[in-house]
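Asks: File my_file-v1.pdb follows (PDB, C-alpha atoms):
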ATOM      1  CA  MET A 435      -1.487 -16.751  -2.163
ATOM      2  CA  GLN A 436      -3.395 -17.948   0.913
ATOM      3  CA  GLY A 437      -0.147 -18.630   2.767
ATOM      4  CA  GLU A 438       1.193 -15.168   1.989
ATOM      5  CA  ALA A 439      -2.096 -13.561   3.061
ATOM      6  CA  ALA A 440      -2.026 -15.433   6.373
ATOM      7  CA  ALA A 441       1.578 -14.358   6.927
ATOM      8  CA  LEU A 442       0.634 -10.737   6.244
ATOM      9  CA  THR A 443      -2.178 -10.949   8.791
ATOM     10  CA  LEU A 444       0.158 -12.306  11.466
ATOM     11  CA  THR A 445       2.860  -9.744  10.693
ATOM     12  CA  THR A 446       0.295  -6.941  10.829
ATOM     13  CA  LEU A 447      -0.820  -8.143  14.269
ATOM     14  CA  ARG A 448       2.800  -8.215  15.449
ATOM     15  CA  PHE A 449       3.201  -4.651  14.215
ATOM     16  CA  LEU A 450       0.013  -3.374  15.860
ATOM     17  CA  THR A 451       0.871  -4.966  19.221
ATOM     18  CA  HIS A 452       4.593  -4.169  19.212
ATOM     19  CA  PRO A 453       5.796  -2.478  22.429
ATOM     20  CA  GLU A 454       7.189   0.418  20.392
ATOM     21  CA  PHE A 455       4.220   0.772  18.062
ATOM     22  CA  PRO A 456       3.804   4.547  18.651
ATOM     23  CA  ALA A 457       7.422   5.088  17.536
ATOM     24  CA  LEU A 458       7.067   2.727  14.570
ATOM     25  CA  PHE A 459       3.833   4.216  13.299
ATOM     26  CA  PRO A 460       5.264   7.459  11.796
ATOM     27  CA  ARG A 461       7.862   5.377   9.927
ATOM     28  CA  TYR A 462       5.086   3.178   8.611
ATOM     29  CA  LEU A 463       3.120   6.230   7.490
ATOM     30  CA  THR A 464       6.207   7.547   5.695
ATOM     31  CA  GLY A 465       6.507   4.300   3.731
ATOM     32  CA  LEU A 466       2.796   4.400   2.981
ATOM     33  CA  TYR A 467       3.147   7.995   1.778
ATOM     34  CA  HIS A 468       5.773   6.979  -0.762
ATOM     35  CA  SER A 469       3.614   4.117  -2.022
ATOM     36  CA  MET A 470       0.521   6.341  -2.304
ATOM     37  CA  ARG A 471       2.470   9.051  -4.108
ATOM     38  CA  THR A 472       3.930   6.517  -6.547
ATOM     39  CA  ALA A 473       0.548   4.855  -7.064
ATOM     40  CA  GLY A 474      -0.458   7.900  -9.081
ATOM     41  CA  ALA A 475       2.451   7.334 -11.457
ATOM     42  CA  VAL A 476       1.586   3.626 -11.649
ATOM     43  CA  MET A 477      -1.977   4.461 -12.664
ATOM     44  CA  GLU A 478      -0.776   6.986 -15.244
ATOM     45  CA  ALA A 479       1.542   4.356 -16.719
ATOM     46  CA  ALA A 480      -1.249   1.759 -16.676
ATOM     47  CA  ARG A 481      -3.616   4.133 -18.435
ATOM     48  CA  ALA A 482      -1.070   5.040 -21.119
ATOM     49  CA  ARG A 483      -0.240   1.386 -21.715
ATOM     50  CA  SER A 484      -3.927   0.462 -21.829
ATOM     51  CA  VAL A 485      -4.519   3.144 -24.457
ATOM     52  CA  SER A 486      -1.652   1.833 -26.566
ATOM     53  CA  LEU A 487      -2.996  -1.746 -26.407
ATOM     54  CA  ALA A 488      -6.691  -0.921 -26.678
ATOM     55  CA  ARG A 489      -7.060  -1.444 -30.430
ATOM     56  CA  ASP A 490      -5.988  -5.076 -30.264
ATOM     57  CA  CYS A 491      -6.820  -5.970 -26.647
ATOM     58  CA  PRO A 492     -10.395  -5.793 -25.323
ATOM     59  CA  VAL A 493      -9.146  -6.089 -21.737
ATOM     60  CA  ALA A 494      -6.919  -3.042 -22.120
ATOM     61  CA  ALA A 495      -9.728  -1.147 -23.814
ATOM     62  CA  ARG A 496     -11.981  -1.767 -20.815
ATOM     63  CA  LEU A 497      -9.253  -0.572 -18.444
ATOM     64  CA  VAL A 498      -8.847   2.897 -20.001
ATOM     65  CA  PRO A 499     -11.975   4.442 -18.412
ATOM     66  CA  TYR A 500     -11.235   2.715 -15.097
ATOM     67  CA  TRP A 501      -7.745   4.183 -14.843
ATOM     68  CA  THR A 502      -8.991   7.598 -15.968
ATOM     69  CA  ARG A 503     -11.605   7.622 -13.218
ATOM     70  CA  HIS A 504      -9.413   6.100 -10.508
ATOM     71  CA  ILE A 505      -6.576   8.568 -11.108
ATOM     72  CA  ARG A 506      -9.050  11.364 -10.461
ATOM     73  CA  GLU A 507     -10.506   9.650  -7.379
ATOM     74  CA  GLU A 508      -7.095   9.029  -5.772
ATOM     75  CA  ALA A 509      -5.635  12.467  -6.483
ATOM     76  CA  GLY A 510      -4.356  14.229  -3.357
ATOM     77  CA  HIS A 511      -4.634  11.287  -0.984
ATOM     78  CA  ASP A 512      -0.879  11.353  -0.407
ATOM     79  CA  GLU A 513      -1.308  14.918   0.848
ATOM     80  CA  TRP A 514      -3.864  13.661   3.361
ATOM     81  CA  LEU A 515      -1.176  11.353   4.686
ATOM     82  CA  LEU A 516       1.351  14.173   4.932
ATOM     83  CA  ALA A 517      -1.167  16.102   7.017
ATOM     84  CA  ASP A 518      -1.540  13.114   9.346
ATOM     85  CA  LEU A 519       2.249  12.865   9.658
ATOM     86  CA  SER A 520       2.491  16.547  10.507
ATOM     87  CA  ARG A 521      -0.020  15.966  13.318
ATOM     88  CA  LEU A 522       2.450  13.408  14.694
ATOM     89  CA  GLY A 523       5.214  16.005  14.631
ATOM     90  CA  ALA A 524       6.854  15.050  11.339
ATOM     91  CA  ASP A 525       8.149  17.690   8.927
ATOM     92  CA  PRO A 526       6.285  17.253   5.610
ATOM     93  CA  LYS A 527       9.227  18.671   3.657
ATOM     94  CA  ARG A 528      11.564  16.050   5.108
ATOM     95  CA  VAL A 529       9.048  13.285   4.470
ATOM     96  CA  ARG A 530       8.750  14.298   0.812
ATOM     97  CA  VAL A 531      12.517  14.058   0.211
ATOM     98  CA  SER A 532      13.110  10.995   2.392
ATOM     99  CA  THR A 533      14.376   7.820   0.727
ATOM    100  CA  PRO A 534      11.582   5.291   0.138
ATOM    101  CA  ALA A 535      12.094   1.908   1.805
ATOM    102  CA  PRO A 536      13.501  -0.778  -0.522
ATOM    103  CA  GLU A 537      10.337  -2.853  -0.097
ATOM    104  CA  ILE A 538       8.225   0.039  -1.440
ATOM    105  CA  ALA A 539      10.629   0.874  -4.262
ATOM    106  CA  GLU A 540      10.843  -2.771  -5.324
ATOM    107  CA  LEU A 541       7.064  -3.194  -5.287
ATOM    108  CA  MET A 542       6.215  -0.070  -7.256
ATOM    109  CA  GLY A 543       9.100  -0.643  -9.665
ATOM    110  CA  THR A 544       7.906  -4.193 -10.287
ATOM    111  CA  LEU A 545       4.411  -2.921 -11.072
ATOM    112  CA  HIS A 546       5.876  -0.452 -13.574
ATOM    113  CA  PHE A 547       7.836  -3.286 -15.216
ATOM    114  CA  TRP A 548       4.781  -5.518 -15.557
ATOM    115  CA  ILE A 549       2.686  -2.661 -16.944
ATOM    116  CA  GLN A 550       5.235  -1.861 -19.626
ATOM    117  CA  HIS A 551       6.479  -5.346 -20.473
ATOM    118  CA  ALA A 552       3.512  -7.618 -19.699
ATOM    119  CA  HIS A 553       0.024  -6.094 -19.322
ATOM    120  CA  PRO A 554      -1.510  -3.225 -17.274
ATOM    121  CA  VAL A 555      -3.925  -5.706 -15.718
ATOM    122  CA  ALA A 556      -1.063  -6.418 -13.279
ATOM    123  CA  ALA A 557      -1.742  -3.098 -11.566
ATOM    124  CA  LEU A 558      -5.329  -4.108 -10.826
ATOM    125  CA  ALA A 559      -3.999  -6.678  -8.370
ATOM    126  CA  TYR A 560      -2.210  -3.982  -6.358
ATOM    127  CA  PHE A 561      -5.349  -1.927  -5.904
ATOM    128  CA  TYR A 562      -7.404  -5.027  -5.209
ATOM    129  CA  VAL A 563      -5.085  -5.992  -2.335
ATOM    130  CA  VAL A 564      -4.790  -2.534  -0.768
ATOM    131  CA  GLU A 565      -8.452  -1.507  -1.197
ATOM    132  CA  ARG A 566     -10.226  -4.781  -0.493
ATOM    133  CA  ASN A 567      -9.444  -4.887   3.235
ATOM    134  CA  PRO A 568      -8.964  -1.349   4.560
ATOM    135  CA  PRO A 569      -8.633  -0.868   8.326
ATOM    136  CA  THR A 570     -12.113  -0.818   9.820
ATOM    137  CA  VAL A 571     -13.401   1.991  12.007
ATOM    138  CA  GLU A 572     -13.384  -0.473  14.930
ATOM    139  CA  LEU A 573      -9.694  -1.252  14.376
ATOM    140  CA  LEU A 574      -8.836   2.428  14.061
ATOM    141  CA  ASP A 575     -10.692   3.183  17.285
ATOM    142  CA  TRP A 576      -8.673   0.406  18.961
ATOM    143  CA  ILE A 577      -5.424   1.961  17.684
ATOM    144  CA  VAL A 578      -6.468   5.275  19.226
ATOM    145  CA  GLN A 579      -7.424   3.716  22.549
ATOM    146  CA  SER A 580      -4.716   1.063  22.891
ATOM    147  CA  GLY A 581      -1.973   2.085  20.493
ATOM    148  CA  GLY A 582      -1.494   5.635  21.673
ATOM    149  CA  ILE A 583      -2.006   7.229  18.248
ATOM    150  CA  PRO A 584      -4.075  10.453  18.227
ATOM    151  CA  ARG A 585      -7.333  10.189  16.295
ATOM    152  CA  GLU A 586      -6.455  13.293  14.285
ATOM    153  CA  ALA A 587      -3.359  11.493  12.921
ATOM    154  CA  LEU A 588      -5.542   8.722  11.477
ATOM    155  CA  GLN A 589      -7.787  10.848   9.293
ATOM    156  CA  THR A 590      -6.574   9.274   6.043
ATOM    157  CA  PHE A 591      -7.428   5.813   7.372
ATOM    158  CA  TYR A 592     -10.812   6.878   8.688
ATOM    159  CA  ARG A 593     -11.660   8.326   5.276
ATOM    160  CA  HIS A 594     -10.503   5.209   3.459
ATOM    161  CA  ALA A 595     -12.474   2.960   5.809
ATOM    162  CA  SER A 596     -15.546   4.031   3.839
ATOM    163  CA  ILE A 597     -14.037   5.098   0.501
ATOM    164  CA  ASP A 598     -12.257   1.816  -0.183
ATOM    165  CA  ILE A 599     -15.380  -0.269   0.339
ATOM    166  CA  GLY A 600     -16.920   1.308  -2.750
ATOM    167  CA  HIS A 601     -13.647   1.162  -4.665
ATOM    168  CA  ALA A 602     -13.210  -2.543  -3.906
ATOM    169  CA  ARG A 603     -16.742  -3.375  -5.061
ATOM    170  CA  GLU A 604     -16.212  -1.407  -8.249
ATOM    171  CA  LEU A 605     -12.931  -3.200  -8.883
ATOM    172  CA  GLU A 606     -14.442  -6.636  -8.228
ATOM    173  CA  ASP A 607     -17.246  -5.884 -10.674
ATOM    174  CA  LEU A 608     -14.724  -4.714 -13.264
ATOM    175  CA  ILE A 609     -12.547  -7.818 -12.895
ATOM    176  CA  ASP A 610     -15.601 -10.088 -13.171
ATOM    177  CA  SER A 611     -16.637  -8.346 -16.385
ATOM    178  CA  LEU A 612     -13.260  -8.498 -18.143
ATOM    179  CA  PRO A 613     -12.653 -11.110 -20.864
ATOM    180  CA  LEU A 614      -9.522 -12.333 -19.089
ATOM    181  CA  ALA A 615      -7.306 -14.920 -20.735
ATOM    182  CA  PRO A 616      -5.283 -17.408 -18.668
ATOM    183  CA  ALA A 617      -2.183 -15.247 -19.115
ATOM    184  CA  HIS A 618      -4.005 -12.261 -17.608
ATOM    185  CA  LEU A 619      -5.143 -14.324 -14.633
ATOM    186  CA  ASP A 620      -1.663 -15.726 -14.062
ATOM    187  CA  LEU A 621      -0.178 -12.237 -14.105
ATOM    188  CA  MET A 622      -2.756 -10.943 -11.642
ATOM    189  CA  VAL A 623      -2.090 -13.811  -9.234
ATOM    190  CA  VAL A 624       1.670 -13.248  -9.385
ATOM    191  CA  SER A 625       1.163  -9.513  -8.937
ATOM    192  CA  ALA A 626      -1.192  -9.892  -5.965
ATOM    193  CA  THR A 627       1.167 -12.377  -4.309
ATOM    194  CA  THR A 628       4.056  -9.964  -4.778
ATOM    195  CA  VAL A 629       2.070  -7.103  -3.261
ATOM    196  CA  VAL A 630       1.220  -9.170  -0.183
ATOM    197  CA  ARG A 631       4.827 -10.341   0.239
ATOM    198  CA  GLN A 632       6.238  -6.838  -0.057
ATOM    199  CA  LEU A 633       3.751  -5.442   2.439
ATOM    200  CA  SER A 634       4.760  -8.207   4.855
ATOM    201  CA  ARG A 635       8.419  -7.335   4.311
ATOM    202  CA  MET A 636       7.709  -3.685   5.076
ATOM    203  CA  TYR A 637       6.204  -4.595   8.454
ATOM    204  CA  GLU A 638       8.951  -7.115   9.170
ATOM    205  CA  GLU A 639      11.686  -4.576   8.455
ATOM    206  CA  LEU A 640      10.102  -2.022  10.785
ATOM    207  CA  ILE A 641       9.727  -4.607  13.539
ATOM    208  CA  GLY A 642      13.211  -6.028  13.004
ATOM    209  CA  ARG A 643      14.976  -2.679  13.155
ATOM    210  CA  SER A 644      13.068  -1.760  16.297
ATOM    211  CA  ASP A 645      13.892  -5.072  17.984
ATOM    212  CA  THR A 646      17.581  -4.645  17.112
ATOM    213  CA  ARG A 647      17.631  -1.190  18.682
ATOM    214  CA  ARG A 648      15.932  -2.534  21.825
ATOM    215  CA  GLN A 649      18.534  -5.279  22.129
ATOM    216  CA  ASP A 650      21.350  -2.768  21.657
ATOM    217  CA  ARG A 651      19.944  -0.616  24.465
ATOM    218  CA  ARG A 652      19.811  -3.626  26.791
ATOM    219  CA  ARG A 653      23.339  -4.807  25.966
ATOM    220  CA  PRO A 654      25.824  -3.903  28.725
ATOM    221  CA  SER A 655      28.235  -1.167  27.758
ATOM    222  CA  THR A 656      31.867  -2.227  27.190
ATOM    223  CA  ARG A 657      33.193   1.219  27.986
ATOM    224  CA  LYS A 658      35.524   1.499  30.971
TER     225      LYS A 658
END
Mind turning this structure into C-alpha coordinates?
Replies:
Amino acid sequence: MQGEAAALTLTTLRFLTHPEFPALFPRYLTGLYHSMRTAGAVMEAARARSVSLARDCPVAARLVPYWTRHIREEAGHDEWLLADLSRLGADPKRVRVSTPAPEIAELMGTLHFWIQHAHPVAALAYFYVVERNPPTVELLDWIVQSGGIPREALQTFYRHASIDIGHARELEDLIDSLPLAPAHLDLMVVSATTVVRQLSRMYEELIGRSDTRRQDRRRPSTRK
(Lines of atoms letter the chains of each structure in order from A and count residues from 1; the text may use other names and numbers.)
(Lines give C-alpha, C1' and ligand atoms only; values in the text may rest on other atoms or scores of the structure.)
Protein backbone atom coordinates (compact mmCIF):
# COMPACT_ATOMS: atom_id res chain seq x y z
CA MET A 1 0.00 0.00 0.00
CA GLN A 2 2.81 2.43 0.84
CA GLY A 3 4.42 1.87 -2.56
CA GLU A 4 1.16 2.53 -4.38
CA ALA A 5 0.55 5.67 -2.31
CA ALA A 6 4.02 7.00 -3.13
CA ALA A 7 3.44 6.28 -6.82
CA LEU A 8 0.13 8.15 -6.70
CA THR A 9 1.85 11.15 -5.13
CA LEU A 10 4.50 11.24 -7.85
CA THR A 11 1.95 10.79 -10.63
CA THR A 12 -0.19 13.57 -9.17
CA LEU A 13 2.83 15.89 -9.17
CA ARG A 14 3.55 15.00 -12.81
CA PHE A 15 -0.06 15.82 -13.65
CA LEU A 16 -0.07 19.15 -11.80
CA THR A 17 3.20 20.29 -13.41
CA HIS A 18 2.50 18.97 -16.91
CA PRO A 19 3.04 21.58 -19.66
CA GLU A 20 -0.51 21.02 -20.89
CA PHE A 21 -2.15 20.95 -17.47
CA PRO A 22 -4.83 23.56 -18.35
CA ALA A 23 -5.97 21.37 -21.27
CA LEU A 24 -5.83 18.18 -19.18
CA PHE A 25 -7.74 19.58 -16.24
CA PRO A 26 -11.26 19.56 -17.80
CA ARG A 27 -10.73 15.93 -18.83
CA TYR A 28 -9.71 15.12 -15.28
CA LEU A 29 -12.81 16.86 -13.93
CA THR A 30 -14.97 14.85 -16.33
CA GLY A 31 -13.53 11.60 -14.98
CA LEU A 32 -14.01 12.85 -11.43
CA TYR A 33 -17.62 13.74 -12.25
CA HIS A 34 -18.34 10.18 -13.33
CA SER A 35 -16.76 8.78 -10.17
CA MET A 36 -18.68 11.20 -7.93
CA ARG A 37 -21.96 10.45 -9.69
CA THR A 38 -21.38 6.70 -9.37
CA ALA A 39 -20.31 7.03 -5.74
CA GLY A 40 -23.95 7.68 -4.90
CA ALA A 41 -24.94 4.34 -6.41
CA VAL A 42 -22.06 2.65 -4.58
CA MET A 43 -23.29 4.03 -1.26
CA GLU A 44 -26.87 2.98 -2.02
CA ALA A 45 -25.66 -0.54 -2.80
CA ALA A 46 -23.51 -0.58 0.35
CA ARG A 47 -26.44 0.54 2.48
CA ALA A 48 -28.79 -2.07 1.01
CA ARG A 49 -26.22 -4.82 1.48
CA SER A 50 -25.50 -3.67 5.04
CA VAL A 51 -29.21 -3.83 5.84
CA SER A 52 -29.44 -7.36 4.46
CA LEU A 53 -26.45 -8.51 6.55
CA ALA A 54 -27.23 -6.55 9.70
CA ARG A 55 -29.04 -9.31 11.60
CA ASP A 56 -26.03 -11.62 11.57
CA CYS A 57 -23.15 -9.14 11.16
CA PRO A 58 -22.47 -6.44 13.77
CA VAL A 59 -20.11 -4.64 11.38
CA ALA A 60 -22.82 -4.34 8.73
CA ALA A 61 -25.31 -3.22 11.36
CA ARG A 62 -23.01 -0.37 12.37
CA LEU A 63 -22.59 0.67 8.73
CA VAL A 64 -26.31 1.21 8.04
CA PRO A 65 -26.57 4.62 9.78
CA TYR A 66 -23.22 5.70 8.33
CA TRP A 67 -24.30 5.03 4.75
CA THR A 68 -27.70 6.63 5.36
CA ARG A 69 -26.05 9.81 6.62
CA HIS A 70 -23.24 9.90 4.05
CA ILE A 71 -25.62 9.46 1.11
CA ARG A 72 -27.45 12.55 2.30
CA GLU A 73 -24.23 14.50 2.87
CA GLU A 74 -22.81 13.72 -0.59
CA ALA A 75 -26.02 14.36 -2.54
CA GLY A 76 -25.59 16.91 -5.33
CA HIS A 77 -21.81 17.16 -5.20
CA ASP A 78 -21.57 15.85 -8.76
CA GLU A 79 -23.69 18.83 -9.82
CA TRP A 80 -21.15 21.14 -8.18
CA LEU A 81 -18.54 19.60 -10.44
CA LEU A 82 -20.69 20.09 -13.53
CA ALA A 83 -20.98 23.76 -12.61
CA ASP A 84 -17.18 24.00 -12.37
CA LEU A 85 -16.84 22.32 -15.77
CA SER A 86 -19.30 24.76 -17.30
CA ARG A 87 -17.14 27.62 -16.00
CA LEU A 88 -14.29 26.08 -18.02
CA GLY A 89 -16.45 26.12 -21.14
CA ALA A 90 -17.66 22.52 -21.08
CA ASP A 91 -21.23 21.61 -22.01
CA PRO A 92 -22.83 19.90 -18.98
CA LYS A 93 -25.16 17.89 -21.22
CA ARG A 94 -22.22 16.44 -23.13
CA VAL A 95 -20.34 15.70 -19.92
CA ARG A 96 -23.33 13.78 -18.53
CA VAL A 97 -23.54 11.47 -21.57
CA SER A 98 -19.79 11.12 -22.10
CA THR A 99 -18.23 7.67 -21.74
CA PRO A 100 -16.52 7.21 -18.36
CA ALA A 101 -12.81 6.36 -18.54
CA PRO A 102 -12.05 2.63 -18.17
CA GLU A 103 -10.09 3.31 -14.98
CA ILE A 104 -13.19 4.88 -13.38
CA ALA A 105 -15.57 2.20 -14.65
CA GLU A 106 -13.27 -0.58 -13.46
CA LEU A 107 -12.86 0.98 -10.01
CA MET A 108 -16.53 1.64 -9.35
CA GLY A 109 -17.54 -1.72 -10.83
CA THR A 110 -15.04 -3.48 -8.58
CA LEU A 111 -16.49 -1.73 -5.53
CA HIS A 112 -19.98 -2.88 -6.54
CA PHE A 113 -18.69 -6.46 -6.88
CA TRP A 114 -17.07 -6.46 -3.45
CA ILE A 115 -20.16 -4.95 -1.84
CA GLN A 116 -22.43 -7.61 -3.28
CA HIS A 117 -20.14 -10.64 -3.12
CA ALA A 118 -17.82 -9.91 -0.18
CA HIS A 119 -18.78 -7.21 2.35
CA PRO A 120 -19.86 -3.52 2.15
CA VAL A 121 -16.91 -2.61 4.36
CA ALA A 122 -14.92 -2.60 1.09
CA ALA A 123 -16.56 0.69 0.14
CA LEU A 124 -15.27 2.36 3.31
CA ALA A 125 -11.76 2.11 1.88
CA TYR A 126 -12.75 4.13 -1.19
CA PHE A 127 -14.10 7.01 0.86
CA TYR A 128 -11.17 6.82 3.24
CA VAL A 129 -8.71 7.26 0.36
CA VAL A 130 -10.57 10.06 -1.43
CA GLU A 131 -11.61 12.01 1.69
CA ARG A 132 -8.53 11.60 3.88
CA ASN A 133 -6.24 13.82 1.79
CA PRO A 134 -8.31 16.41 -0.09
CA PRO A 135 -6.46 19.18 -1.95
CA THR A 136 -5.57 21.89 0.54
CA VAL A 137 -6.52 25.53 0.09
CA GLU A 138 -2.80 26.28 -0.37
CA LEU A 139 -2.55 23.75 -3.22
CA LEU A 140 -5.70 25.08 -4.85
CA ASP A 141 -4.37 28.63 -4.64
CA TRP A 142 -1.17 27.40 -6.32
CA ILE A 143 -3.21 25.81 -9.12
CA VAL A 144 -4.95 29.14 -9.68
CA GLN A 145 -1.71 31.12 -9.68
CA SER A 146 0.59 28.69 -11.49
CA GLY A 147 -1.69 26.25 -13.28
CA GLY A 148 -3.85 28.75 -15.10
CA ILE A 149 -7.16 27.40 -13.77
CA PRO A 150 -9.74 30.06 -12.80
CA ARG A 151 -10.64 30.07 -9.11
CA GLU A 152 -14.34 29.89 -9.96
CA ALA A 153 -13.74 26.52 -11.69
CA LEU A 154 -12.34 25.05 -8.46
CA GLN A 155 -15.32 25.68 -6.22
CA THR A 156 -16.00 21.98 -5.63
CA PHE A 157 -12.42 21.48 -4.45
CA TYR A 158 -12.45 24.56 -2.24
CA ARG A 159 -15.63 23.30 -0.58
CA HIS A 160 -14.22 19.82 -0.07
CA ALA A 161 -10.99 21.22 1.38
CA SER A 162 -12.98 21.82 4.56
CA ILE A 163 -15.84 19.32 4.21
CA ASP A 164 -13.63 16.27 3.78
CA ILE A 165 -11.61 16.99 6.90
CA GLY A 166 -14.69 16.35 9.02
CA HIS A 167 -15.75 13.39 6.90
CA ALA A 168 -12.32 11.76 7.21
CA ARG A 169 -12.30 12.15 11.00
CA GLU A 170 -15.78 10.69 11.22
CA LEU A 171 -14.76 7.76 9.04
CA GLU A 172 -11.59 7.11 11.05
CA ASP A 173 -13.61 7.08 14.26
CA LEU A 174 -16.12 4.69 12.71
CA ILE A 175 -13.43 2.29 11.48
CA ASP A 176 -11.73 2.32 14.89
CA SER A 177 -15.03 1.45 16.57
CA LEU A 178 -15.99 -1.45 14.29
CA PRO A 179 -15.51 -5.04 15.49
CA LEU A 180 -13.51 -5.90 12.38
CA ALA A 181 -12.44 -9.47 11.74
CA PRO A 182 -9.23 -10.27 9.83
CA ALA A 183 -11.27 -10.88 6.68
CA HIS A 184 -12.76 -7.38 6.91
CA LEU A 185 -9.32 -5.84 7.34
CA ASP A 186 -7.89 -7.80 4.42
CA LEU A 187 -10.74 -6.68 2.19
CA MET A 188 -10.29 -3.04 3.18
CA VAL A 189 -6.56 -3.17 2.44
CA VAL A 190 -7.14 -4.73 -0.98
CA SER A 191 -9.88 -2.20 -1.70
CA ALA A 192 -7.78 0.80 -0.65
CA THR A 193 -4.82 -0.44 -2.70
CA THR A 194 -7.08 -0.84 -5.73
CA VAL A 195 -8.45 2.67 -5.32
CA VAL A 196 -4.95 4.16 -5.19
CA ARG A 197 -3.80 2.15 -8.22
CA GLN A 198 -6.81 3.14 -10.30
CA LEU A 199 -6.42 6.81 -9.43
CA SER A 200 -2.78 6.58 -10.50
CA ARG A 201 -3.85 4.95 -13.76
CA MET A 202 -6.32 7.76 -14.41
CA TYR A 203 -3.56 10.37 -14.12
CA GLU A 204 -1.14 8.26 -16.15
CA GLU A 205 -3.64 7.82 -18.97
CA LEU A 206 -4.29 11.57 -19.15
CA ILE A 207 -0.57 12.32 -19.17
CA GLY A 208 0.21 9.57 -21.67
CA ARG A 209 -2.41 10.62 -24.19
CA SER A 210 -1.26 14.23 -23.95
CA ASP A 211 2.39 13.28 -24.43
CA THR A 212 1.49 11.17 -27.47
CA ARG A 213 -0.36 14.09 -29.04
CA ARG A 214 2.61 16.39 -28.38
CA GLN A 215 4.97 13.94 -30.06
CA ASP A 216 2.63 13.62 -33.04
CA ARG A 217 2.59 17.41 -33.45
CA ARG A 218 6.39 17.52 -33.41
CA ARG A 219 6.81 14.67 -35.90
CA PRO A 220 7.69 15.94 -39.39
CA SER A 221 4.89 15.58 -41.89
CA THR A 222 5.36 12.92 -44.60
CA ARG A 223 3.04 14.69 -47.00
CA LYS A 224 4.56 15.87 -50.28
Asks: Determine, counting all atoms listed in the file, every residue of protein, DNA or RNA that lies within 9 Å of (3.8, 1.6, -1.6) in the file coordinates, then give the result as number ranges by chain.
Replies: A: 465-473, 534-535, 537-539, 541-542, 632-633
Asks: Could you put an axis-aligned box around every listed atom of segment 605-610 of chain A, padded by 8 Å on each side, and send me its centre and edge lengths in Å to one decimal, as JSON?
Replies:
{"center_x": -14.9, "center_y": -6.6, "center_z": -10.7, "size_x": 20.7, "size_y": 22.9, "size_z": 21.0}
Asks: Which neighbours of Pro499 of chain A fall inside 12 Å, counting all atoms listed in the file, when residues of the same chain fewer than 6 positions from it are skipped, and could you give them as a list in words?
Replies: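 After dropping sequence-adjacent residues, the list is Met477, Glu478, Ala480, Arg481, Ala482, Ser484, Val485, Ala488, Val493, Ile505, Arg506 and Leu608 of chain A.
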Asks: One number please: atom CA of Asp518 of chain A to atom CA of Ile583 of chain A, in Å, one decimal.
Replies: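 Spanning atom CA of Asp518 of chain A to atom CA of Ile583 of chain A is a straight-line distance of 10.7 Å.
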Asks: Ranking A:Pro569, A:Met636, A:Tyr500, A:Ala626 by minimum distance to Pro536 of chain A and counting all atoms listed in the file, which one comes first?
Replies: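 Using all atoms listed in the file, Pro536 of chain A sits closest to A:Met636.
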Asks: Please provide as a PyMOL selection string all residues within 7 Å of segment 558-560 of chain A, with the sequence filter that same-chain residues fewer than 6 positions apart are discarded (counting only C-alpha atoms).
Replies: chain A and resi 622+625-626+629
Asks: Residues at most 8 Å from segment 513-517 of chain A, counting all atoms listed in the file, excluding those fewer than 3 positions away in the same chain, as JSON, numbers by chain?
Replies: {"A": [463, 467, 510, 520, 521, 526, 529, 587, 589, 590]}
Asks: With distances taken over all atoms listed in the file, which of A:Leu450, A:His618, A:Thr464, A:Pro554 is nearest to Arg528 of chain A?
Replies: A:Thr464
Asks: Kindly indicate which residue among A:Leu447, A:Leu519, A:Val498, A:Leu605 lies nearest to Arg585 of chain A, using all atoms listed in the file for the distances.
Replies: A:Leu519
